[in-house]
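Asker: Just start-v5.csv, nothing more (CSV, C-alpha atoms):
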```csv
chain,number,residue,atom,x,y,z
A,1,MET,CA,77.1,-69.8,-111.7
A,2,LYS,CA,75.6,-69.0,-115.0
A,3,LYS,CA,77.9,-66.9,-117.2
A,4,ARG,CA,76.1,-63.9,-118.6
A,5,ILE,CA,77.0,-62.9,-122.1
A,6,VAL,CA,75.8,-59.8,-124.0
A,7,VAL,CA,76.2,-59.5,-127.8
A,8,ALA,CA,76.0,-55.9,-128.9
A,9,CYS,CA,76.1,-54.0,-132.2
A,10,GLY,CA,75.0,-50.5,-133.4
A,11,ALA,CA,71.3,-51.1,-133.8
A,12,GLY,CA,71.2,-54.2,-131.7
A,13,LEU,CA,69.5,-55.9,-134.5
A,14,ALA,CA,71.5,-57.0,-137.5
A,15,THR,CA,75.1,-57.7,-136.8
A,16,SER,CA,74.5,-58.9,-133.3
A,17,THR,CA,71.9,-61.3,-134.5
A,18,MET,CA,74.3,-62.9,-136.9
A,19,ILE,CA,77.0,-63.1,-134.3
A,20,LEU,CA,74.8,-64.4,-131.5
A,21,GLN,CA,73.9,-67.7,-133.2
A,22,LYS,CA,77.6,-68.7,-133.5
A,23,VAL,CA,78.4,-67.6,-130.0
A,24,GLU,CA,75.6,-69.8,-128.7
A,25,GLU,CA,76.8,-72.8,-130.7
A,26,PHE,CA,80.3,-72.4,-129.3
A,27,VAL,CA,79.4,-71.8,-125.7
A,28,LYS,CA,77.2,-74.9,-125.8
A,29,GLU,CA,80.2,-76.8,-127.1
A,30,LEU,CA,82.2,-75.5,-124.1
A,31,GLY,CA,79.6,-76.9,-121.8
A,32,VAL,CA,79.3,-73.7,-119.9
A,33,SER,CA,76.0,-72.8,-118.3
A,34,TYR,CA,75.1,-69.4,-119.7
A,35,SER,CA,72.5,-66.8,-120.5
A,36,ILE,CA,72.8,-64.6,-123.5
A,37,SER,CA,71.2,-61.4,-124.6
A,38,GLN,CA,71.4,-58.9,-127.4
A,39,SER,CA,71.7,-55.2,-127.1
A,40,GLN,CA,72.8,-51.9,-128.7
A,41,ILE,CA,76.3,-50.8,-127.9
A,42,TYR,CA,75.2,-47.7,-126.1
A,43,GLU,CA,73.2,-49.8,-123.7
A,44,LEU,CA,76.3,-51.7,-122.6
A,45,ASP,CA,76.8,-49.3,-119.7
A,46,PHE,CA,73.7,-50.8,-118.1
A,47,TYR,CA,75.2,-54.4,-118.1
A,48,ASP,CA,78.8,-53.3,-117.3
A,49,GLY,CA,80.3,-55.2,-114.4
A,50,GLU,CA,77.2,-57.4,-114.2
A,51,ALA,CA,77.8,-59.4,-117.3
A,52,ASP,CA,80.8,-61.8,-117.7
A,53,LEU,CA,81.5,-61.1,-121.3
A,54,PHE,CA,80.6,-58.5,-124.0
A,55,ILE,CA,80.9,-59.6,-127.6
A,56,THR,CA,80.7,-56.6,-129.9
A,57,SER,CA,80.6,-55.9,-133.6
A,58,MET,CA,83.2,-53.1,-133.3
A,59,LYS,CA,86.2,-52.4,-131.2
A,60,LEU,CA,85.5,-50.6,-128.0
A,61,ASP,CA,87.9,-49.1,-125.5
A,62,GLN,CA,88.3,-51.8,-122.8
A,63,SER,CA,89.5,-49.2,-120.3
A,64,LYS,CA,86.0,-47.8,-120.2
A,65,TYR,CA,84.4,-51.1,-119.2
A,66,LYS,CA,84.7,-53.5,-116.3
A,67,THR,CA,83.3,-56.5,-118.3
A,68,PRO,CA,85.8,-58.0,-120.7
A,69,ILE,CA,85.1,-57.3,-124.3
A,70,VAL,CA,85.9,-59.3,-127.4
A,71,VAL,CA,85.2,-58.4,-131.0
A,72,GLY,CA,82.8,-60.9,-132.6
A,73,THR,CA,83.5,-60.0,-136.2
A,74,PRO,CA,85.3,-63.3,-137.0
A,75,PHE,CA,82.0,-65.1,-136.4
A,76,LEU,CA,80.4,-62.8,-139.0
A,77,ILE,CA,83.0,-63.4,-141.7
A,78,GLY,CA,84.3,-66.8,-140.9
A,79,LEU,CA,88.0,-65.6,-140.6
A,80,ASN,CA,90.2,-66.1,-137.5
A,81,GLU,CA,87.4,-67.8,-135.6
A,82,ASP,CA,89.8,-70.0,-133.7
A,83,VAL,CA,91.5,-67.0,-132.1
A,84,LEU,CA,88.2,-65.6,-131.0
A,85,LYS,CA,87.0,-68.9,-129.6
A,86,GLU,CA,90.1,-69.2,-127.6
A,87,GLN,CA,89.6,-65.7,-126.1
A,88,ILE,CA,86.0,-66.5,-125.2
A,89,LYS,CA,87.0,-69.8,-123.7
A,90,GLN,CA,89.7,-68.1,-121.5
A,91,ILE,CA,87.2,-65.5,-120.2
A,92,LEU,CA,84.3,-67.9,-119.5
A,93,LEU,CA,86.3,-70.8,-118.0
A,94,ASN,CA,88.2,-68.5,-115.6
B,1,MET,CA,60.5,-61.9,-151.5
B,2,TYR,CA,63.5,-60.1,-150.0
B,3,VAL,CA,65.3,-59.7,-153.3
B,4,GLU,CA,63.7,-57.6,-156.0
B,5,GLU,CA,65.2,-57.2,-159.4
B,6,ASN,CA,64.8,-53.4,-159.3
B,7,LEU,CA,66.7,-53.2,-156.0
B,8,ILE,CA,69.7,-54.8,-157.5
B,9,PHE,CA,72.2,-52.5,-159.1
B,10,TYR,CA,75.2,-53.4,-161.2
B,11,ASN,CA,78.2,-51.3,-161.9
B,12,GLN,CA,76.7,-48.3,-160.1
B,13,ARG,CA,79.1,-45.4,-159.8
B,14,PHE,CA,79.3,-43.1,-156.8
B,15,GLU,CA,81.7,-40.4,-155.8
B,16,SER,CA,81.0,-40.6,-152.1
B,17,GLN,CA,79.3,-42.5,-149.3
B,18,SER,CA,76.8,-39.7,-149.0
B,19,GLN,CA,75.9,-40.0,-152.7
B,20,LEU,CA,75.4,-43.7,-152.4
B,21,PHE,CA,73.1,-43.3,-149.4
B,22,ASP,CA,71.1,-40.6,-151.2
B,23,PHE,CA,70.7,-43.0,-154.1
B,24,ILE,CA,69.5,-45.9,-151.9
B,25,ALA,CA,67.1,-43.5,-150.1
B,26,ASP,CA,65.7,-42.2,-153.4
B,27,GLU,CA,65.0,-45.7,-154.6
B,28,LEU,CA,63.4,-46.8,-151.4
B,29,GLU,CA,61.4,-43.7,-150.8
B,30,GLU,CA,60.0,-43.9,-154.3
B,31,LYS,CA,58.7,-47.4,-153.6
B,32,ASN,CA,57.4,-46.3,-150.2
B,33,TYR,CA,59.6,-48.9,-148.4
B,34,VAL,CA,61.1,-46.4,-146.0
B,35,THR,CA,60.1,-43.3,-144.1
B,36,GLU,CA,61.4,-39.8,-144.9
B,37,GLN,CA,63.9,-40.0,-142.0
B,38,PHE,CA,65.6,-43.0,-143.4
B,39,ARG,CA,68.0,-40.9,-145.5
B,40,GLU,CA,69.5,-39.1,-142.5
B,41,ALA,CA,69.3,-42.1,-140.3
B,42,ILE,CA,71.4,-44.4,-142.5
B,43,LYS,CA,74.1,-41.8,-142.9
B,44,ILE,CA,74.4,-41.1,-139.2
B,45,ARG,CA,74.3,-44.7,-138.3
B,46,GLU,CA,77.2,-45.5,-140.6
B,47,GLN,CA,79.1,-42.7,-139.1
B,48,ASN,CA,78.6,-43.9,-135.5
B,49,PHE,CA,78.6,-47.6,-136.2
B,50,PRO,CA,80.6,-48.5,-139.4
B,51,THR,CA,79.6,-51.6,-141.3
B,52,GLY,CA,82.6,-52.3,-143.5
B,53,LEU,CA,83.6,-56.0,-143.6
B,54,GLN,CA,86.9,-57.2,-145.0
B,55,LEU,CA,86.3,-60.7,-146.4
B,56,GLN,CA,89.1,-62.8,-148.0
B,57,ASN,CA,88.3,-61.6,-151.5
B,58,LEU,CA,85.7,-58.9,-151.3
B,59,ASN,CA,85.1,-55.9,-149.1
B,60,VAL,CA,81.4,-55.5,-148.2
B,61,ALA,CA,79.4,-53.0,-146.3
B,62,ILE,CA,76.1,-54.1,-144.7
B,63,VAL,CA,74.3,-50.8,-144.4
B,64,HIS,CA,71.2,-50.5,-142.3
B,65,THR,CA,69.2,-48.4,-139.9
B,66,GLU,CA,67.1,-48.9,-136.8
B,67,VAL,CA,63.8,-50.7,-137.6
B,68,GLU,CA,61.6,-47.6,-137.2
B,69,TYR,CA,62.6,-46.2,-140.6
B,70,SER,CA,61.6,-49.3,-142.5
B,71,ARG,CA,58.1,-50.1,-143.9
B,72,THR,CA,59.0,-53.5,-145.2
B,73,GLU,CA,61.7,-56.2,-145.3
B,74,LYS,CA,63.9,-56.0,-148.3
B,75,LEU,CA,67.5,-56.2,-149.4
B,76,VAL,CA,69.3,-53.7,-151.6
B,77,ILE,CA,72.2,-55.1,-153.5
B,78,ILE,CA,74.8,-52.9,-155.2
B,79,LYS,CA,77.9,-53.9,-157.0
B,80,LEU,CA,80.0,-50.8,-157.3
B,81,GLU,CA,81.8,-49.7,-160.4
B,82,LYS,CA,84.6,-48.3,-158.2
B,83,PRO,CA,85.2,-48.7,-154.5
B,84,ILE,CA,83.8,-46.3,-151.9
B,85,THR,CA,85.7,-45.7,-148.7
B,86,PHE,CA,83.9,-47.0,-145.6
B,87,LYS,CA,85.3,-47.9,-142.2
B,88,ASN,CA,86.1,-51.4,-141.0
B,89,ILE,CA,83.5,-52.5,-138.5
B,90,GLU,CA,86.2,-54.1,-136.4
B,91,THR,CA,89.2,-51.8,-136.5
B,92,LEU,CA,87.4,-48.6,-137.6
B,93,LYS,CA,90.2,-48.0,-140.2
B,94,PRO,CA,89.3,-47.0,-143.7
B,95,LEU,CA,88.2,-49.8,-146.0
B,96,GLU,CA,87.6,-49.7,-149.8
B,97,VAL,CA,84.3,-51.3,-150.3
B,98,ASP,CA,83.2,-53.0,-153.6
B,99,PHE,CA,79.9,-54.5,-152.7
B,100,ILE,CA,76.9,-53.1,-150.7
B,101,ILE,CA,74.2,-55.1,-149.0
B,102,GLY,CA,71.4,-52.8,-147.7
B,103,LEU,CA,69.2,-54.4,-145.0
B,104,ILE,CA,65.7,-53.0,-144.8
B,105,LEU,CA,64.5,-54.7,-141.7
B,106,GLN,CA,61.5,-54.5,-139.5
B,107,ASP,CA,61.2,-55.7,-135.9
B,108,SER,CA,59.8,-59.1,-136.7
B,109,TYR,CA,60.9,-62.7,-136.2
B,110,LYS,CA,61.2,-63.0,-139.9
B,111,HIS,CA,64.4,-61.0,-140.2
B,112,LEU,CA,66.3,-63.8,-138.5
B,113,GLU,CA,66.1,-65.9,-141.6
B,114,VAL,CA,67.4,-63.3,-143.9
B,115,LEU,CA,70.2,-62.4,-141.5
B,116,GLN,CA,71.2,-66.0,-141.4
B,117,LYS,CA,71.4,-66.0,-145.1
B,118,VAL,CA,73.5,-62.8,-145.3
B,119,SER,CA,75.8,-64.3,-142.6
B,120,ARG,CA,76.2,-67.5,-144.6
B,121,LEU,CA,76.8,-65.6,-147.8
B,122,LEU,CA,79.7,-63.7,-146.2
B,123,GLN,CA,81.3,-67.0,-145.4
B,124,ASN,CA,80.5,-68.7,-148.6
B,125,GLU,CA,83.7,-68.5,-150.7
B,126,GLU,CA,81.9,-69.8,-153.8
B,127,VAL,CA,79.1,-67.3,-153.8
B,128,ILE,CA,81.6,-64.5,-153.1
B,129,GLN,CA,83.6,-65.6,-156.1
B,130,GLU,CA,80.4,-65.6,-158.2
B,131,ILE,CA,79.6,-62.1,-157.0
B,132,ARG,CA,83.1,-60.9,-158.0
B,133,GLN,CA,82.7,-62.5,-161.5
B,134,ALA,CA,79.1,-61.3,-162.2
B,135,SER,CA,79.4,-59.1,-165.2
B,136,SER,CA,75.9,-57.9,-165.9
B,137,HIS,CA,72.8,-56.8,-164.0
B,138,ALA,CA,71.0,-59.9,-165.2
B,139,GLU,CA,73.8,-62.2,-163.9
B,140,LEU,CA,74.0,-60.5,-160.5
B,141,THR,CA,70.2,-60.6,-160.2
B,142,ILE,CA,69.9,-64.3,-161.0
B,143,LEU,CA,72.7,-65.1,-158.6
B,144,MET,CA,71.2,-63.1,-155.7
B,145,GLN,CA,67.7,-64.3,-156.3
B,146,ASP,CA,68.9,-67.9,-156.5
B,147,TYR,CA,70.8,-67.5,-153.3
B,148,PHE,CA,68.3,-65.6,-151.2
B,149,ASN,CA,65.1,-67.1,-152.4
B,150,LYS,CA,66.3,-70.7,-151.9
B,151,LYS,CA,64.9,-72.7,-149.1
B,152,GLU,CA,67.0,-72.9,-145.9
B,153,ASN,CA,68.1,-76.5,-146.4
B,154,GLU,CA,69.4,-76.0,-149.9
B,155,ILE,CA,72.2,-73.6,-148.9
```
Here is a file; write its structure as structure tokens.
Answerer:
Amino acid sequence: MKKRIVVACGAGLATSTMILQKVEEFVKELGVSYSISQSQIYELDFYDGEADLFITSMKLDQSKYKTPIVVGTPFLIGLNEDVLKEQIKQILLN
Amino acid sequence: MYVEENLIFYNQRFESQSQLFDFIADELEEKNYVTEQFREAIKIREQNFPTGLQLQNLNVAIVHTEVEYSRTEKLVIIKLEKPITFKNIETLKPLEVDFIIGLILQDSYKHLEVLQKVSRLLQNEEVIQEIRQASSHAELTILMQDYFNKKENEI
């Protein structure tokens, strides 16, 4: 089964684009078969429950979503990337 | 060119976020780079989706709007004389920001390249250090033009 990943930010254009590239790099490394798309945060409802992972630019209230959410900011600024990668790995490999 | 000398500002002083956005809107409207709605849009967007980033040695806000308010693709660079309070994109807590990067983007494939460069800049300790040390408009301009106008493989 392909894992479906959605990377989202406010406008769905700047921050998510910067994060997306690094997410792809890492997921390829993991050897997971995946599909990835980019969206605006307010569109996430549409993918909720369907996608396997949301990676967002800002913190969202997990209790409002069925799909697991991680904050992708470490990929943007290069700090604490390892923690984020571990989280993504846990979600996608389970 | 994304980086224009007259869209780089050194030691600019603002008392509030709203004053900063008005300044950016004035500059961009005058050059006809944005629509009239840009001014409101950038303020509202920052409220709903904060863009403050806490780097190791510099706090940066990457302010931008949806593409429909842009008429071109440019960067606005502002080194602030004194910090302005933004919100941290990640935690939504207040963050004192020293450096502003304004993204004026259109919905084209082109903007990928500049976003990649911005993203690399945020992670480039050396350039961040140089930004912190830049002590005149000329210095900041040369630094930014050098960085953003370089070819991809030279970074």
Asker: At a cut-off of 7 Å, using all atoms listed in the file, what residues contact Phe54 in chain A? Leave out same-chain residues fewer than 3 positions from it and give the result as a PDB file with C-alpha atoms, keeping the file's coordinate frame.
Answerer:
```
ATOM      1  CA  ILE A   5      77.000 -62.900-122.100  1.00  0.00           C
ATOM      2  CA  VAL A   6      75.800 -59.800-124.000  1.00  0.00           C
ATOM      3  CA  VAL A   7      76.200 -59.500-127.800  1.00  0.00           C
ATOM      4  CA  THR A  67      83.300 -56.500-118.300  1.00  0.00           C
ATOM      5  CA  PRO A  68      85.800 -58.000-120.700  1.00  0.00           C
ATOM      6  CA  ILE A  69      85.100 -57.300-124.300  1.00  0.00           C
ATOM      7  CA  VAL A  70      85.900 -59.300-127.400  1.00  0.00           C
TER       8      VAL A  70
END
```
Asker: Which protein, DNA or RNA residues have an atom at most 9 Å from (83.1, -62.4, -136.1), counting all atoms listed in the file? List them as an MDAnalysis selection string.
Answerer: (chainID A and resid 18:19 22 56:57 71:81 84) or (chainID B and resid 90)
Asker: Using only C-alpha atoms, tabulate the residues of chain B lying at most 10 Å from any atom of chain A, each with its closest atom pair and that distance in Å to one decimal, by chain and increasing residue number, as JSON lines.
Answerer:
```
{"residue": "B:Arg45", "atom": "CA", "partner": "A:Gly10", "partner_atom": "CA", "distance": 7.6}
{"residue": "B:Glu46", "atom": "CA", "partner": "A:Gly10", "partner_atom": "CA", "distance": 9.0}
{"residue": "B:Asn48", "atom": "CA", "partner": "A:Gly10", "partner_atom": "CA", "distance": 7.8}
{"residue": "B:Phe49", "atom": "CA", "partner": "A:Gly10", "partner_atom": "CA", "distance": 5.4}
{"residue": "B:Pro50", "atom": "CA", "partner": "A:Met58", "partner_atom": "CA", "distance": 8.1}
{"residue": "B:Thr51", "atom": "CA", "partner": "A:Thr15", "partner_atom": "CA", "distance": 8.8}
{"residue": "B:Leu53", "atom": "CA", "partner": "A:Ile77", "partner_atom": "CA", "distance": 7.7}
{"residue": "B:Gln54", "atom": "CA", "partner": "A:Ile77", "partner_atom": "CA", "distance": 8.0}
{"residue": "B:Leu55", "atom": "CA", "partner": "A:Ile77", "partner_atom": "CA", "distance": 6.3}
{"residue": "B:Gln56", "atom": "CA", "partner": "A:Leu79", "partner_atom": "CA", "distance": 8.0}
{"residue": "B:Ile62", "atom": "CA", "partner": "A:Thr15", "partner_atom": "CA", "distance": 8.7}
{"residue": "B:Val63", "atom": "CA", "partner": "A:Ala14", "partner_atom": "CA", "distance": 9.7}
{"residue": "B:His64", "atom": "CA", "partner": "A:Ala14", "partner_atom": "CA", "distance": 8.1}
{"residue": "B:Thr65", "atom": "CA", "partner": "A:Ala11", "partner_atom": "CA", "distance": 7.0}
{"residue": "B:Glu66", "atom": "CA", "partner": "A:Ala11", "partner_atom": "CA", "distance": 5.6}
{"residue": "B:Val67", "atom": "CA", "partner": "A:Leu13", "partner_atom": "CA", "distance": 8.3}
{"residue": "B:Asn88", "atom": "CA", "partner": "A:Met58", "partner_atom": "CA", "distance": 8.4}
{"residue": "B:Ile89", "atom": "CA", "partner": "A:Met58", "partner_atom": "CA", "distance": 5.2}
{"residue": "B:Glu90", "atom": "CA", "partner": "A:Met58", "partner_atom": "CA", "distance": 4.4}
{"residue": "B:Thr91", "atom": "CA", "partner": "A:Lys59", "partner_atom": "CA", "distance": 6.1}
{"residue": "B:Leu92", "atom": "CA", "partner": "A:Met58", "partner_atom": "CA", "distance": 7.5}
{"residue": "B:Leu103", "atom": "CA", "partner": "A:Ala14", "partner_atom": "CA", "distance": 8.3}
{"residue": "B:Leu105", "atom": "CA", "partner": "A:Ala14", "partner_atom": "CA", "distance": 8.5}
{"residue": "B:Gln106", "atom": "CA", "partner": "A:Leu13", "partner_atom": "CA", "distance": 9.5}
{"residue": "B:Asp107", "atom": "CA", "partner": "A:Leu13", "partner_atom": "CA", "distance": 8.4}
{"residue": "B:His111", "atom": "CA", "partner": "A:Ala14", "partner_atom": "CA", "distance": 8.6}
{"residue": "B:Leu112", "atom": "CA", "partner": "A:Thr17", "partner_atom": "CA", "distance": 7.3}
{"residue": "B:Glu113", "atom": "CA", "partner": "A:Met18", "partner_atom": "CA", "distance": 9.9}
{"residue": "B:Val114", "atom": "CA", "partner": "A:Met18", "partner_atom": "CA", "distance": 9.8}
{"residue": "B:Leu115", "atom": "CA", "partner": "A:Met18", "partner_atom": "CA", "distance": 6.2}
{"residue": "B:Gln116", "atom": "CA", "partner": "A:Met18", "partner_atom": "CA", "distance": 6.3}
{"residue": "B:Lys117", "atom": "CA", "partner": "A:Met18", "partner_atom": "CA", "distance": 9.2}
{"residue": "B:Val118", "atom": "CA", "partner": "A:Met18", "partner_atom": "CA", "distance": 8.4}
{"residue": "B:Ser119", "atom": "CA", "partner": "A:Leu76", "partner_atom": "CA", "distance": 6.0}
{"residue": "B:Arg120", "atom": "CA", "partner": "A:Leu76", "partner_atom": "CA", "distance": 8.4}
{"residue": "B:Leu121", "atom": "CA", "partner": "A:Ile77", "partner_atom": "CA", "distance": 9.0}
{"residue": "B:Leu122", "atom": "CA", "partner": "A:Ile77", "partner_atom": "CA", "distance": 5.6}
{"residue": "B:Gln123", "atom": "CA", "partner": "A:Gly78", "partner_atom": "CA", "distance": 5.4}
{"residue": "B:Asn124", "atom": "CA", "partner": "A:Gly78", "partner_atom": "CA", "distance": 8.8}
{"residue": "B:Glu125", "atom": "CA", "partner": "A:Gly78", "partner_atom": "CA", "distance": 10.0}
```
Asker: I'd like the neighbourhood of Lys66 in chain A as a list in words, where a residue qualifies if any of its atoms comes within 12 Å (using all atoms listed in the file), though same-chain residues fewer than 4 positions away should be ignored.
Answerer: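 Everything that qualifies: Leu44, Asp45, Phe46, Tyr47, Asp48, Gly49, Glu50, Ala51, Asp52, Leu53, Phe54, Asp61 and Gln62 of chain A.
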Asker: One decimal, Å: what's the distance from CA of Ala134 in chain B over to CA of Glu81 in chain B, could you say?
Answerer: 12.0 Å
Asker: What is the distance, in Å and to one decimal place, between CA of Ile55 in chain A and CA of Asp82 in chain A?
Answerer: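 We find that CA of Ile55 in chain A and CA of Asp82 in chain A lie 15.0 Å from each other.
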Asker: Give me, please, the distance in Å between CA of Gln90 in chain A and CA of Gln40 in chain A, quoted to one decimal.
Answerer: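 Separation between CA of Gln90 in chain A and CA of Gln40 in chain A: 24.5 Å.
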Asker: Restricting the calculation to all atoms listed in the file, which member of B:Phe86, B:Ile78, B:Gln47, B:Pro94 is positioned closest to Ile131 in chain B?
Answerer: B:Ile78
Asker: Determine, counting all atoms listed in the file, which protein, DNA and RNA residues have an atom within 12 Å of an atom of Asp26 in chain B; residues of the same chain fewer than 3 positions away are not included. Present the result as a count of residues only.
Answerer: 18
Asker: Have a look at B:Thr141, B:Asn149, B:Gln133, B:Thr85 and name the one nearest to Glu15 in chain B; count all atoms listed in the file.
Answerer: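 Closest residue, counting all atoms listed in the file: B:Thr85.
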Asker: Just the residues within 8 Å of Phe9 in chain B, please, counting all atoms listed in the file, with nothing from its chain fewer than 2 positions along; format it as a list in words.
Answerer: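 Final neighbour list, sorted by chain and number: Asn6, Leu7, Asn11, Gln12, Ile77, Ile78, Lys79 and His137 of chain B.
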Asker: Those same residues - C-alpha atoms - I'd like them written as a compact mmCIF listing (two decimals), in the frame of the given file.
Answerer:
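As a result, result04.txt now contains:
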```
# COMPACT_ATOMS: atom_id res chain seq x y z
CA ASN B 6 64.80 -53.40 -159.30
CA LEU B 7 66.70 -53.20 -156.00
CA ASN B 11 78.20 -51.30 -161.90
CA GLN B 12 76.70 -48.30 -160.10
CA ILE B 77 72.20 -55.10 -153.50
CA ILE B 78 74.80 -52.90 -155.20
CA LYS B 79 77.90 -53.90 -157.00
CA HIS B 137 72.80 -56.80 -164.00
```
Asker: Which residue, B:Glu73, B:Glu130, B:Glu27, B:Asp98, has the smallest gap to Tyr147 in chain B when you use all atoms listed in the file?
Answerer: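 Nearest to Tyr147 in chain B: B:Glu130.
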